[in-house]
Structure formats: structure tokens, C-alpha cells
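Structure first, then comments.
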Amino acid sequence: MSRVATAAVAPARAHAEDPVVSIVIPVYNEAENITGTLERLASLVRTPMEILVVHDFDEDTTVPVVRSLQARIPQVRLLRNDLGRGVLHAMRAGIAAARAPYVVISMADGSDDVAVIDRMVELAEQGADVVAASRYIRGGRQVGGPRLKGLMSRTAGLTLQWFGRVGTHDATNNFKLYSRRHLDSVTIESSGGFELALELTVKAALAGRVVREIPATWHDRTAGESRFRLRAWLPRYLHWYLSLFSGRVRSLRP
């Protein structure tokens with residue numbers, strides 16, 4: 001019996017003590033959203049897991065809400081990010097503290113289709129080092145969100161797959177699973193924020209690691225303010241976009 005199947009009948013305590021997947025959730029004043037997000041994870045994910053809610057400062061409105069849920073959802077751990085403020089450092093802190101062989105980055109606003117996490121783990125256990133939840137393949141979709149951002153993301157994802165063979169049609173989506181062996185093999189160079197997902201995917205593709213994808217639905221947040229800043233982070237996304245193609249060209253040289 002697989003670990004995923006075993007988890008379906010395992011007590012909740014086993015999830016906290018022996019995680020197969022670590023779910024890293026960076027937060028910034030997400031008190032309105034975090035309860036629903038954590039409850040969906042607890043009810044939908046059957047893989048033994050830990051949930052790392054990573055905050056920058058103790059006054060974050062998310063913190064007391066999470067503490068009130070920990071008795072009911074024992075898989076949840078609060079983690080103070082001491083690497084420097086911002087979503088990039090929060091994700092890095094969560095990755096460093098994760099105890100499981102697989103790490104999923106997910107958002108606190110409920111936008112990610114967490115029902116697919118079990119399937120993501122199955123693909124990882126079959127050998128994938130990156131598993132992307134894709135909006136841009138059959139069965140996946142995006143609901144809401146800024147049109148320009150969606151158009152640019154779709155264009156980048158499709159061209160990276162069609163011409164760069166990156167392994168997924170949705171390389172910019174932050175909702176991904178990474179194997180620990182891949183995370184331990186790379187040095188994170190991102191300096192902005194959510195471009196980290198593209199960096200890790202590009203580096204996996206260039207290293208010849210297995211990148212897989214499954215369809216998923218993304219919903220725009222209904223409460224709170226997004227921390228995504230397209231204008232500020234676009235040059236960083238372009239850097240990794242071009243890095244894939246330059247890496248492919250170098251691999252063709254004698």
C-alpha cells in the first residue's frame with residue numbers, strides 16, 4: 001500500500017509526526033483567509049503532512065488565528081521568518097525548516113487547488129523532482145485575477161514549454177511541489193519574490209531533472225490584498241525566462 005493510501009486511514013497525529021510533504025505557506029496579515037485555507041488542507045489532503053505558516057513579525061494578524069487552530073489541526077506549525085522580511089525570505093525559511101522529502105509552496109489566500117496535492121506527491125514518488133499545478137493544460141483553468149497578469153503568465157508558460165521544453169505549461173505558477181534532493185542541489189538566486197518558482201523550475205529543466213504537471217484551478221483571492229507586484233518583479237521573471245533559452249543554446253554547443 002502506498003504512503004498516500006495509508007494516510008487516508010492514519011490518525012491525525014501521524015500527520016504531524018511523520019510528514020511525507022511539507023506545505024509552506026508565507027503569510028502577511030491573512031487573518032481573513034487563513035482559517036479556510038488550513039481547514040481545506042486538513043480535510044482534503046490525505047498524505048501525511050506538516051503545514052508551515054511562515055510570518056515575518058509576531059504582530060501579523062495571521063498569528064493569533066493560526067494559534068487558535070493548532071489544537072484542532074495539529075499538522076500546523078508557526079514559523080518566524082528570520083532571514084529578512086518579504087515573501088521570498090518567508091518561502092526560503094519554510095523550505096529550510098521543512099522536514100519532509102517533498103515541499104509544496106502554497107498561498108494563504110485560498111487561491112490554490114489544494115485538492116491536487118495528493119496527486120502531486122504520487123508523481124514525486126514516481127520520480128518527479130518538480131510537479132506543477134497547471135492552469136494551462138486540459139482540465140486546468142484560472143478564475144478571476146488581472147487580465148494582463150494572466151495573459152503574460154499564459155504566454156510565458158506556453159512558450160517555455162513549446163520552445164524551451166521546461167516540462168510544464170505553467171512554469172510561473174507558484175503552486176508547485178519540489179523534491180528535497182532538487183532543493184538541496186541548487187543555490188537560490190532570486191531576489192524579489194514569487195519568481196522563485198520559475199527559477200527552481202528552470203534549474204530543474206536545465207539539470208535534466210523530471211518536471212511533471214497536473215491540471216488545477218486557480219481562484220483569485222476574495223479577501224485581503226495580494227502582495228504580488230508585477231511591475232517590480234517582471235524583470236526578475238524575464239531573467240529566468242531568458243536563462244532557460246540561453247541554457248538550452250549552451251547545451252547545443254560542442
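Lettering and numbering for the C-alpha cells are positional, with chains as A, B, ... in the shown order, residues counted from 1 in each chain, and ligands counted from 1 in the shown order.
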Selection near segment 73-79 of chain A, 8 Å with only C-alpha atoms, sequence-local residues under 3 positions removed, as a PyMOL selection string
chain A and resi 12-13+15-16+38-39+42+49-55+63+66-67+69-70+94
Glu122 of chain A environment, 12 Å, only C-alpha atoms, sequence neighbours closer than 3 positions dropped, as number ranges by chain
A: 2-5, 20-21, 46-47, 102, 116-119, 125-131, 177, 179, 212-214
Residues just named, written with C-alpha atoms as a PDB file, in the first residue's frame:
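Done, and the output landed in again39.pdb:
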ATOM      1  CA  SER A   2       1.365   3.459  -0.883  1.00  0.00           C
ATOM      2  CA  ARG A   3       2.053   6.093   1.728  1.00  0.00           C
ATOM      3  CA  VAL A   4      -0.759   8.212   0.314  1.00  0.00           C
ATOM      4  CA  ALA A   5      -3.271   5.386   0.666  1.00  0.00           C
ATOM      5  CA  VAL A  20       5.773  12.989   3.690  1.00  0.00           C
ATOM      6  CA  VAL A  21       5.078  16.503   2.407  1.00  0.00           C
ATOM      7  CA  ARG A  46      -4.550  12.602   2.888  1.00  0.00           C
ATOM      8  CA  THR A  47      -0.774  12.440   2.554  1.00  0.00           C
ATOM      9  CA  TYR A 102       8.721  16.868  -0.619  1.00  0.00           C
ATOM     10  CA  VAL A 116      -4.445  18.026  -6.062  1.00  0.00           C
ATOM     11  CA  ILE A 117      -1.617  17.800  -3.501  1.00  0.00           C
ATOM     12  CA  ASP A 118      -2.023  14.038  -3.012  1.00  0.00           C
ATOM     13  CA  ARG A 119      -1.649  13.514  -6.754  1.00  0.00           C
ATOM     14  CA  GLU A 125       7.184   9.367  -5.561  1.00  0.00           C
ATOM     15  CA  GLN A 126       7.305   8.115  -9.155  1.00  0.00           C
ATOM     16  CA  GLY A 127      10.448  10.193  -9.741  1.00  0.00           C
ATOM     17  CA  ALA A 128       9.447  13.797 -10.456  1.00  0.00           C
ATOM     18  CA  ASP A 129      11.557  16.491  -8.829  1.00  0.00           C
ATOM     19  CA  VAL A 130       9.132  19.284  -9.710  1.00  0.00           C
ATOM     20  CA  VAL A 131       5.366  18.892 -10.008  1.00  0.00           C
ATOM     21  CA  LEU A 177       5.945  20.595  -5.337  1.00  0.00           C
ATOM     22  CA  SER A 179      11.753  17.212  -4.038  1.00  0.00           C
ATOM     23  CA  ARG A 212       5.673  16.909 -14.371  1.00  0.00           C
ATOM     24  CA  GLU A 213       2.356  18.732 -14.248  1.00  0.00           C
ATOM     25  CA  ILE A 214      -1.275  18.115 -13.409  1.00  0.00           C
TER      26      ILE A 214
END
For the interface of segment 95-124 of chain A with segment 154-174 of chain A (cut-off 9 Å, counting only C-alpha atoms), please tabulate each contacting residue of segment 95-124 of chain A alongside its nearest pair of atoms and their separation in Å to one decimal, rows sorted by chain and increasing number, as CSV.
residue,atom,partner,partner_atom,distance
A:Ile105,CA,A:Asn174,CA,6.7
A:Ser106,CA,A:Asn174,CA,7.1
A:Met107,CA,A:Asn174,CA,8.3
May I have the residues within 12 Å of Ala108 of chain A as a ChimeraX atom specification, using only C-alpha atoms and disregarding those fewer than 3 positions away in the same chain?
/A:23-41,51-55,62,66,87,105,111-114,175,220-227
Assign secondary structure with DSSP using the backbone only, and return the residues of segment 141-242 of chain A in helix (DSSP H, G or I) as a count of residues only.
48
I need the residues in segment 28-143 of chain A that are strand (DSSP E) according to DSSP; give them as a PyMOL selection string.
chain A and resi 49-55+76-80+102-105+130-134+141-143
Would you write out those residues with N, CA and C atoms, as a compact mmCIF listing (two decimals), in the first residue's frame?
# COMPACT_ATOMS: atom_id res chain seq x y z
N MET A 49 1.39 15.03 6.45
CA MET A 49 1.92 16.35 6.13
C MET A 49 2.20 17.16 7.38
N GLU A 50 3.02 18.19 7.17
CA GLU A 50 3.14 19.29 8.11
C GLU A 50 2.83 20.57 7.33
N ILE A 51 2.24 21.53 8.01
CA ILE A 51 1.90 22.80 7.38
C ILE A 51 2.68 23.89 8.10
N LEU A 52 3.59 24.54 7.39
CA LEU A 52 4.42 25.59 7.97
C LEU A 52 3.86 26.95 7.56
N VAL A 53 3.29 27.65 8.51
CA VAL A 53 2.77 29.00 8.26
C VAL A 53 3.87 29.97 8.67
N VAL A 54 4.44 30.66 7.68
CA VAL A 54 5.65 31.45 7.89
C VAL A 54 5.30 32.94 7.92
N HIS A 55 5.60 33.58 9.04
CA HIS A 55 5.28 35.00 9.21
C HIS A 55 6.56 35.78 9.50
N VAL A 76 -0.27 21.85 11.87
CA VAL A 76 0.15 23.23 11.63
C VAL A 76 1.28 23.63 12.58
N ARG A 77 2.33 24.23 11.99
CA ARG A 77 3.42 24.83 12.75
C ARG A 77 3.56 26.29 12.37
N LEU A 78 3.69 27.16 13.36
CA LEU A 78 4.00 28.56 13.10
C LEU A 78 5.51 28.72 13.05
N LEU A 79 6.00 29.43 12.05
CA LEU A 79 7.44 29.62 11.89
C LEU A 79 7.73 31.09 11.67
N ARG A 80 8.57 31.64 12.51
CA ARG A 80 9.00 33.03 12.37
C ARG A 80 10.14 33.10 11.35
N TYR A 102 9.35 16.06 0.42
CA TYR A 102 8.72 16.87 -0.62
C TYR A 102 8.18 18.14 0.00
N VAL A 103 8.34 19.25 -0.72
CA VAL A 103 7.91 20.56 -0.23
C VAL A 103 6.97 21.18 -1.25
N VAL A 104 5.82 21.61 -0.78
CA VAL A 104 4.84 22.32 -1.61
C VAL A 104 4.77 23.76 -1.13
N ILE A 105 4.85 24.70 -2.07
CA ILE A 105 4.63 26.11 -1.76
C ILE A 105 3.19 26.44 -2.13
N VAL A 130 10.02 18.13 -9.74
CA VAL A 130 9.13 19.28 -9.71
C VAL A 130 7.79 18.83 -10.24
N VAL A 131 6.73 19.16 -9.53
CA VAL A 131 5.37 18.89 -10.01
C VAL A 131 4.61 20.20 -9.97
N ALA A 132 4.17 20.65 -11.14
CA ALA A 132 3.47 21.92 -11.25
C ALA A 132 1.98 21.70 -11.31
N ALA A 133 1.23 22.51 -10.58
CA ALA A 133 -0.22 22.56 -10.73
C ALA A 133 -0.51 23.55 -11.85
N SER A 134 -0.98 23.03 -12.99
CA SER A 134 -1.04 23.83 -14.21
C SER A 134 -2.45 24.32 -14.52
N ARG A 141 -7.68 25.61 -15.16
CA ARG A 141 -8.21 26.93 -15.54
C ARG A 141 -7.87 27.96 -14.48
N GLN A 142 -8.05 29.22 -14.87
CA GLN A 142 -7.84 30.34 -13.97
C GLN A 142 -9.15 31.10 -13.85
N VAL A 143 -9.56 31.38 -12.62
CA VAL A 143 -10.82 32.08 -12.37
C VAL A 143 -10.50 33.42 -11.73
Closest to Gly247 of chain A among A:Ala71, A:Ala197, A:Ala205, A:Leu44, using only C-alpha atoms?
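Comparing A:Ala71, A:Ala197, A:Ala205, A:Leu44 against Gly247 of chain A, the winner is A:Ala205.
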Return the single residue from A:Ala100, A:Pro215, A:Leu244, A:His89 that is closest to Val202 of chain A, with distances computed using only C-alpha atoms.
A:Leu244
From the list A:Phe245, A:Phe194, A:Tyr178, A:Trp218, which residue is nearest Pro101 of chain A when using only C-alpha atoms?
A:Tyr178
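With only C-alpha atoms as the atoms that count, the residue of A:His219, A:Arg250, A:Arg85, A:Arg92 with the shortest distance to Gly150 of chain A is A:His219.
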Nearest residue to Leu238 of chain A out of A:Ala98, A:Val211, A:Leu198, A:Ala216, using only C-alpha atoms?
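Ranked by minimum distance to Leu238 of chain A, first place goes to A:Leu198.
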Identify, on the basis of only C-alpha atoms, every residue whose closest approach to Ser243 of chain A does not exceed 10 Å; exclude the query and any residue fewer than 4 positions from it along the same chain; express the result as a list in words.
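Once the nearby chain positions are removed, what remains is Glu199, Val202, Lys203, Leu206, Tyr237, Leu238, His239, Gly247, Arg248 and Val249 of chain A.
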Which one of A:Met152, A:Leu83, A:Lys176, A:Glu189 sits closest to Leu123 of chain A if you count only C-alpha atoms?
A:Lys176
